[in-house]
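Peer 1: Provided herewith: start17.cif, mmCIF, C-alpha atoms.
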```cif
data_entry
loop_
_atom_site.label_atom_id
_atom_site.label_comp_id
_atom_site.auth_asym_id
_atom_site.auth_seq_id
_atom_site.Cartn_x
_atom_site.Cartn_y
_atom_site.Cartn_z
CA MET A 1 -113.47 -17.50 -104.76
CA THR A 2 -115.02 -15.04 -102.30
CA THR A 3 -111.67 -13.33 -101.85
CA GLU A 4 -111.22 -12.92 -105.60
CA LEU A 5 -114.67 -11.43 -106.05
CA GLN A 6 -114.00 -9.00 -103.23
CA LEU A 7 -110.81 -7.92 -104.96
CA ILE A 8 -112.78 -7.03 -108.06
CA ALA A 9 -115.56 -5.43 -106.02
CA GLY A 10 -113.03 -3.17 -104.27
CA CYS A 11 -111.89 -1.57 -107.51
CA ARG A 12 -113.11 1.83 -108.59
CA PRO A 13 -112.64 3.69 -111.87
CA LEU A 14 -109.33 5.54 -111.90
CA ALA A 15 -111.12 8.72 -112.89
CA ALA A 16 -113.08 8.74 -109.60
CA PRO A 17 -112.13 11.88 -107.64
CA THR A 18 -110.97 9.93 -104.62
CA LEU A 19 -109.55 6.46 -104.16
CA SER A 20 -108.88 5.00 -100.72
CA GLY A 21 -105.65 3.19 -99.94
CA GLU A 22 -107.52 -0.10 -99.96
CA GLU A 23 -109.17 0.61 -103.30
CA ALA A 24 -105.80 1.59 -104.78
CA GLU A 25 -104.34 -1.70 -103.51
CA SER A 26 -107.03 -3.87 -105.09
CA THR A 27 -106.93 -1.91 -108.34
CA ALA A 28 -103.14 -2.23 -108.52
CA ALA A 29 -103.38 -5.97 -107.80
CA LEU A 30 -105.67 -6.37 -110.80
CA PHE A 31 -103.28 -4.54 -113.13
CA LYS A 32 -100.33 -6.44 -111.69
CA ALA A 33 -102.05 -9.78 -112.36
CA ILE A 34 -102.24 -8.99 -116.06
CA GLY A 35 -98.77 -7.36 -116.19
CA ASP A 36 -97.01 -10.43 -117.58
CA PRO A 37 -96.57 -11.32 -121.28
CA ALA A 38 -97.85 -14.90 -120.88
CA ARG A 39 -100.96 -13.69 -119.02
CA VAL A 40 -101.62 -11.03 -121.64
CA ARG A 41 -101.51 -13.78 -124.27
CA ILE A 42 -103.81 -16.03 -122.23
CA VAL A 43 -106.36 -13.23 -121.85
CA ASN A 44 -105.93 -12.46 -125.55
CA LEU A 45 -106.66 -16.08 -126.47
CA LEU A 46 -109.71 -16.15 -124.22
CA ALA A 47 -110.99 -12.80 -125.48
CA SER A 48 -110.78 -13.99 -129.09
CA SER A 49 -112.50 -17.32 -128.48
CA ARG A 50 -116.24 -17.92 -128.33
CA GLY A 51 -116.53 -19.86 -125.11
CA ALA A 52 -114.53 -21.48 -122.36
CA VAL A 53 -111.09 -22.77 -123.37
CA CYS A 54 -109.57 -26.03 -122.11
CA ALA A 55 -106.35 -25.65 -120.10
CA CYS A 56 -104.80 -28.14 -122.53
CA GLU A 57 -105.15 -25.67 -125.41
CA PHE A 58 -102.86 -23.03 -123.93
CA GLU A 59 -99.73 -25.19 -123.91
CA PRO A 60 -99.43 -25.59 -127.72
CA ALA A 61 -100.80 -22.11 -128.43
CA LEU A 62 -98.32 -20.32 -126.17
CA GLY A 63 -95.36 -22.69 -126.40
CA LEU A 64 -95.18 -22.92 -122.63
CA SER A 65 -95.00 -25.98 -120.37
CA GLN A 66 -98.17 -27.14 -118.63
CA PRO A 67 -96.91 -26.21 -115.13
CA THR A 68 -96.12 -22.66 -116.36
CA VAL A 69 -99.53 -22.36 -118.00
CA SER A 70 -101.20 -23.65 -114.83
CA HIS A 71 -99.30 -21.09 -112.74
CA HIS A 72 -100.46 -18.18 -114.91
CA LEU A 73 -104.04 -19.47 -115.11
CA LYS A 74 -104.11 -19.69 -111.31
CA LYS A 75 -102.82 -16.13 -110.91
CA LEU A 76 -105.46 -14.77 -113.28
CA THR A 77 -108.20 -16.84 -111.64
CA ASP A 78 -107.11 -15.77 -108.14
CA ALA A 79 -107.31 -12.12 -109.24
CA GLY A 80 -110.92 -12.72 -110.32
CA LEU A 81 -110.21 -12.16 -114.03
CA LEU A 82 -110.94 -15.72 -115.11
CA ASP A 83 -113.69 -18.20 -114.31
CA ARG A 84 -112.62 -21.83 -113.91
CA ASP A 85 -114.88 -24.78 -114.70
CA GLN A 86 -113.69 -28.32 -113.98
CA ARG A 87 -114.93 -30.82 -116.59
CA GLY A 88 -113.56 -34.25 -115.86
CA LYS A 89 -109.79 -34.28 -116.17
CA TRP A 90 -109.45 -30.77 -117.56
CA ALA A 91 -110.36 -27.32 -116.34
CA PHE A 92 -111.94 -24.85 -118.76
CA PHE A 93 -111.34 -21.13 -118.46
CA SER A 94 -113.26 -18.07 -119.57
CA ILE A 95 -113.05 -14.35 -118.89
CA ASN A 96 -115.28 -13.25 -116.02
CA PRO A 97 -117.65 -10.78 -117.72
CA GLU A 98 -118.02 -8.66 -114.57
CA ALA A 99 -114.23 -8.41 -114.18
CA ALA A 100 -113.87 -7.49 -117.85
CA ALA A 101 -116.45 -4.72 -117.46
CA LYS A 102 -114.72 -3.49 -114.28
CA LEU A 103 -111.32 -3.43 -115.98
CA ALA A 104 -112.66 -1.54 -118.96
CA GLY A 105 -114.30 0.97 -116.60
CA LEU A 106 -111.13 1.37 -114.54
CA LEU A 107 -109.25 2.51 -117.59
CA ASP A 108 -111.88 4.82 -118.95
CA LEU A 109 -109.56 7.76 -118.38
CA LYS A 110 -111.08 9.78 -121.17
CA GLU A 111 -114.08 10.70 -119.05
CA VAL A 112 -112.33 13.34 -117.01
CA THR A 113 -114.49 14.61 -114.17
CA ASP A 114 -115.15 18.29 -113.47
CA VAL A 115 -113.16 18.50 -110.26
CA ASP A 116 -110.73 21.40 -110.02
CA SER A 117 -107.03 20.64 -110.13
CA CYS A 118 -104.98 22.04 -107.26
CA CYS A 119 -102.48 23.68 -109.60
CA MET B 1 -89.46 9.73 -125.32
CA THR B 2 -89.33 7.86 -128.62
CA THR B 3 -88.92 4.58 -126.76
CA GLU B 4 -91.98 5.24 -124.63
CA LEU B 5 -94.15 6.10 -127.60
CA GLN B 6 -93.01 2.92 -129.32
CA LEU B 7 -94.03 0.96 -126.26
CA ILE B 8 -97.55 2.34 -126.53
CA ALA B 9 -97.59 1.91 -130.31
CA GLY B 10 -96.69 -1.78 -129.96
CA CYS B 11 -99.78 -2.58 -127.91
CA ARG B 12 -102.80 -4.23 -129.46
CA PRO B 13 -106.25 -4.85 -128.01
CA LEU B 14 -106.32 -8.05 -125.97
CA ALA B 15 -109.32 -9.23 -127.94
CA ALA B 16 -107.31 -9.25 -131.18
CA PRO B 17 -107.17 -12.83 -132.47
CA THR B 18 -103.38 -12.95 -132.48
CA LEU B 19 -100.75 -11.16 -130.42
CA SER B 20 -97.05 -11.51 -131.17
CA GLY B 21 -94.53 -12.12 -128.41
CA GLU B 22 -93.31 -8.54 -128.80
CA GLU B 23 -96.82 -7.11 -128.61
CA ALA B 24 -97.55 -9.18 -125.51
CA GLU B 25 -94.35 -7.84 -123.92
CA SER B 26 -95.23 -4.19 -124.52
CA THR B 27 -98.81 -4.70 -123.42
CA ALA B 28 -97.69 -6.41 -120.22
CA ALA B 29 -95.18 -3.62 -119.55
CA LEU B 30 -98.00 -1.09 -119.69
CA PHE B 31 -100.13 -3.03 -117.21
CA LYS B 32 -97.13 -3.61 -114.98
CA ALA B 33 -96.34 0.12 -114.90
CA ILE B 34 -99.77 0.84 -113.42
CA GLY B 35 -99.76 -2.24 -111.15
CA ASP B 36 -98.70 -0.35 -108.03
CA PRO B 37 -101.02 1.31 -105.47
CA ALA B 38 -99.14 4.64 -105.52
CA ARG B 39 -99.21 4.76 -109.31
CA VAL B 40 -102.90 3.92 -109.39
CA ARG B 41 -103.48 6.87 -107.04
CA ILE B 42 -101.32 9.18 -109.16
CA VAL B 43 -103.27 8.26 -112.30
CA ASN B 44 -106.49 8.64 -110.31
CA LEU B 45 -105.48 12.15 -109.23
CA LEU B 46 -104.55 13.11 -112.78
CA ALA B 47 -107.71 11.60 -114.26
CA SER B 48 -109.87 13.59 -111.84
CA SER B 49 -108.09 16.91 -112.41
CA ARG B 50 -108.74 19.33 -115.26
CA GLY B 51 -105.23 19.91 -116.48
CA ALA B 52 -101.59 19.21 -115.77
CA VAL B 53 -100.70 18.70 -112.11
CA CYS B 54 -97.52 20.00 -110.49
CA ALA B 55 -95.19 17.29 -109.11
CA CYS B 56 -95.33 19.20 -105.80
CA GLU B 57 -99.05 18.41 -105.41
CA PHE B 58 -98.63 14.64 -105.24
CA GLU B 59 -96.53 14.63 -102.06
CA PRO B 60 -99.24 16.04 -99.73
CA ALA B 61 -102.09 14.30 -101.60
CA LEU B 62 -100.53 10.84 -101.37
CA GLY B 63 -98.59 11.18 -98.14
CA LEU B 64 -95.41 10.02 -99.86
CA SER B 65 -91.93 11.54 -99.88
CA GLN B 66 -90.86 13.59 -102.89
CA PRO B 67 -88.21 11.02 -104.01
CA THR B 68 -90.86 8.27 -103.91
CA VAL B 69 -93.33 10.39 -105.85
CA SER B 70 -90.60 11.24 -108.40
CA HIS B 71 -89.78 7.56 -108.80
CA HIS B 72 -93.39 6.62 -109.56
CA LEU B 73 -93.89 9.62 -111.87
CA LYS B 74 -90.78 8.57 -113.80
CA LYS B 75 -92.02 4.98 -114.16
CA LEU B 76 -95.39 6.14 -115.47
CA THR B 77 -93.77 8.68 -117.81
CA ASP B 78 -91.25 6.10 -119.10
CA ALA B 79 -94.13 3.75 -119.90
CA GLY B 80 -95.72 6.52 -121.99
CA LEU B 81 -98.75 6.90 -119.74
CA LEU B 82 -97.91 10.42 -118.57
CA ASP B 83 -96.73 13.56 -120.33
CA ARG B 84 -94.15 15.66 -118.49
CA ASP B 85 -93.86 19.43 -118.93
CA GLN B 86 -91.05 21.30 -117.16
CA ARG B 87 -92.15 24.75 -115.98
CA GLY B 88 -89.29 26.46 -114.17
CA LYS B 89 -88.43 24.57 -110.99
CA TRP B 90 -91.32 22.10 -111.18
CA ALA B 91 -92.46 19.50 -113.64
CA PHE B 92 -96.16 19.23 -114.46
CA PHE B 93 -97.76 15.92 -115.37
CA SER B 94 -100.84 14.95 -117.34
CA ILE B 95 -102.25 11.73 -118.76
CA ASN B 96 -101.20 11.14 -122.35
CA PRO B 97 -104.56 11.05 -124.18
CA GLU B 98 -103.32 8.57 -126.78
CA ALA B 99 -102.05 6.21 -124.07
CA ALA B 100 -105.36 6.50 -122.20
CA ALA B 101 -107.27 5.60 -125.35
CA LYS B 102 -104.92 2.66 -126.03
CA LEU B 103 -105.32 1.35 -122.47
CA ALA B 104 -109.08 1.58 -122.64
CA GLY B 105 -109.02 -0.27 -125.98
CA LEU B 106 -106.69 -2.96 -124.65
CA LEU B 107 -109.17 -3.85 -121.97
CA ASP B 108 -112.24 -3.80 -124.14
CA LEU B 109 -112.72 -7.50 -123.53
CA LYS B 110 -116.45 -7.35 -124.00
CA GLU B 111 -116.07 -7.14 -127.77
CA VAL B 112 -115.46 -10.81 -128.29
CA THR B 113 -114.52 -11.57 -131.87
CA ASP B 114 -116.08 -14.29 -133.98
CA VAL B 115 -113.07 -16.58 -134.10
CA ASP B 116 -113.73 -20.22 -133.30
CA SER B 117 -112.34 -21.58 -130.07
CA CYS B 118 -110.29 -24.75 -130.42
CA CYS B 119 -112.29 -26.55 -127.72
#
```
I need this file expressed as structure tokens, please.
Peer 2:
Amino acid sequence: MTTELQLIAGCRPLAAPTLSGEEAESTAALFKAIGDPARVRIVNLLASSRGAVCACEFEPALGLSQPTVSHHLKKLTDAGLLDRDQRGKWAFFSINPEAAAKLAGLLDLKEVTDVDSCC
Amino acid sequence: MTTELQLIAGCRPLAAPTLSGEEAESTAALFKAIGDPARVRIVNLLASSRGAVCACEFEPALGLSQPTVSHHLKKLTDAGLLDRDQRGKWAFFSINPEAAAKLAGLLDLKEVTDVDSCC
């Protein structure tokens, strides 16, 4: 979990004047994690639900097998986008609020800074 | 260019209660296009510059070869994220404002809707 949090922590808004190679790597990893139709639908389901969602709910909702759902949930959790809470037999997932705020900030491209372009 | 604009047009905010398979595909394609460190840095450079940036500026700024830069610029342009403007020998690139607004909206996960979760 520490690794995932560090991944998120290493991201900076894209509109920042400079971005180190490491920051670019962690930012890209975050985008890559969500760059899959099934993961977009998982995040969509979580974003439109009130609280944590049981892993068992994704299978019927997405029409995917449980191993496939588990694979995608793991990828999103590893990237720091989802929080996982084990309750007995099932794990419950929710969107990490800090990650959501970071992601929204990363894509706030409308706030263009005042730095001069080279051309 | 029509294809790229359709890709953007097909995207819906992740927090929308439902997302069709097609919408999930186009949304994922957009995230995937930016899920690469070099492309994150290109978008970062463009977001922090005032206007369009000459393709020739990315090579020294990123330390990448011109063919590599061209490849990444093409991927981002094909996804509808960048606008391309040919001026004589060189092409100039800028962030498509509509695409930027769409991306920011897609990741506005904080606005959780009032739909009941199944669990």
Peer 1: Find the spatial neighbours of stretch 81-92 of chain A, counting all atoms listed in the file, within a cut-off of 7 Å - ignore same-chain residues fewer than 5 positions away - and output them as a list in words.
Peer 2: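 Returned residues: Ala52, Val53, Cys54, Ala55, Leu76 and Ala99 of chain A.
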Peer 1: Give me, please, the distance in Å between atom CA of B:Lys32 and atom CA of A:Lys32, quoted to one decimal.
Peer 2: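 Separation of atom CA of B:Lys32 and atom CA of A:Lys32: 5.4 Å.
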Peer 1: Take atom CA of A:Ser94 and atom CA of B:Ser20 and report the distance between them in Å, one decimal.
Peer 2: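 Calculated distance between atom CA of A:Ser94 and atom CA of B:Ser20 is 21.0 Å.
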Peer 1: Excluding A:Phe31 and any residue of its chain fewer than 6 positions from it, enumerate the residues within 7 Å of it, using all atoms listed in the file, and give them as an MDAnalysis selection string.
Peer 2: chainID B and resid 31:32 34:35
Peer 1: At what distance in Å, to one decimal, does atom CA of A:Ser70 lie from atom CA of B:Ala33?
Peer 2: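 We find that atom CA of B:Ala33 and atom CA of A:Ser70 lie 24.3 Å from each other.
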Peer 1: Using all atoms listed in the file, can you tell me which of A:Glu98, A:Glu23, A:Asp36, A:Glu59 comes closest to chain B?
Peer 2: A:Asp36
Peer 1: How would you write, as number ranges by chain, the residues chosen by the PyMOL selection byres ((chain B and resi 72) around 9) on this structure?
Peer 2: B: 33, 36, 38-39, 42, 67-71, 73-77
Peer 1: Kindly indicate which residue among A:Pro37, A:Gly80, A:Asn96, A:Glu22 lies nearest to chain B, using only C-alpha atoms for the distances.
Peer 2: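 Smallest separation from chain B among the options: A:Pro37.
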Peer 1: As a PDB file with C-alpha atoms, keeping the file's coordinate frame, please: the residues near B:Gly21 (cut-off 10 Å, all atoms listed in the file, same-chain neighbours under 4 positions excluded).
Peer 2:
```pdb
ATOM      1  CA  PRO A  37     -96.570 -11.320-121.280  1.00  0.00           C
ATOM      2  CA  ALA A  38     -97.850 -14.900-120.880  1.00  0.00           C
ATOM      3  CA  VAL A  40    -101.620 -11.030-121.640  1.00  0.00           C
ATOM      4  CA  ARG A  41    -101.510 -13.780-124.270  1.00  0.00           C
ATOM      5  CA  LEU A  62     -98.320 -20.320-126.170  1.00  0.00           C
TER       6      LEU A  62
ATOM      7  CA  GLU B  25     -94.350  -7.840-123.920  1.00  0.00           C
ATOM      8  CA  SER B  26     -95.230  -4.190-124.520  1.00  0.00           C
ATOM      9  CA  THR B  27     -98.810  -4.700-123.420  1.00  0.00           C
TER      10      THR B  27
END
```
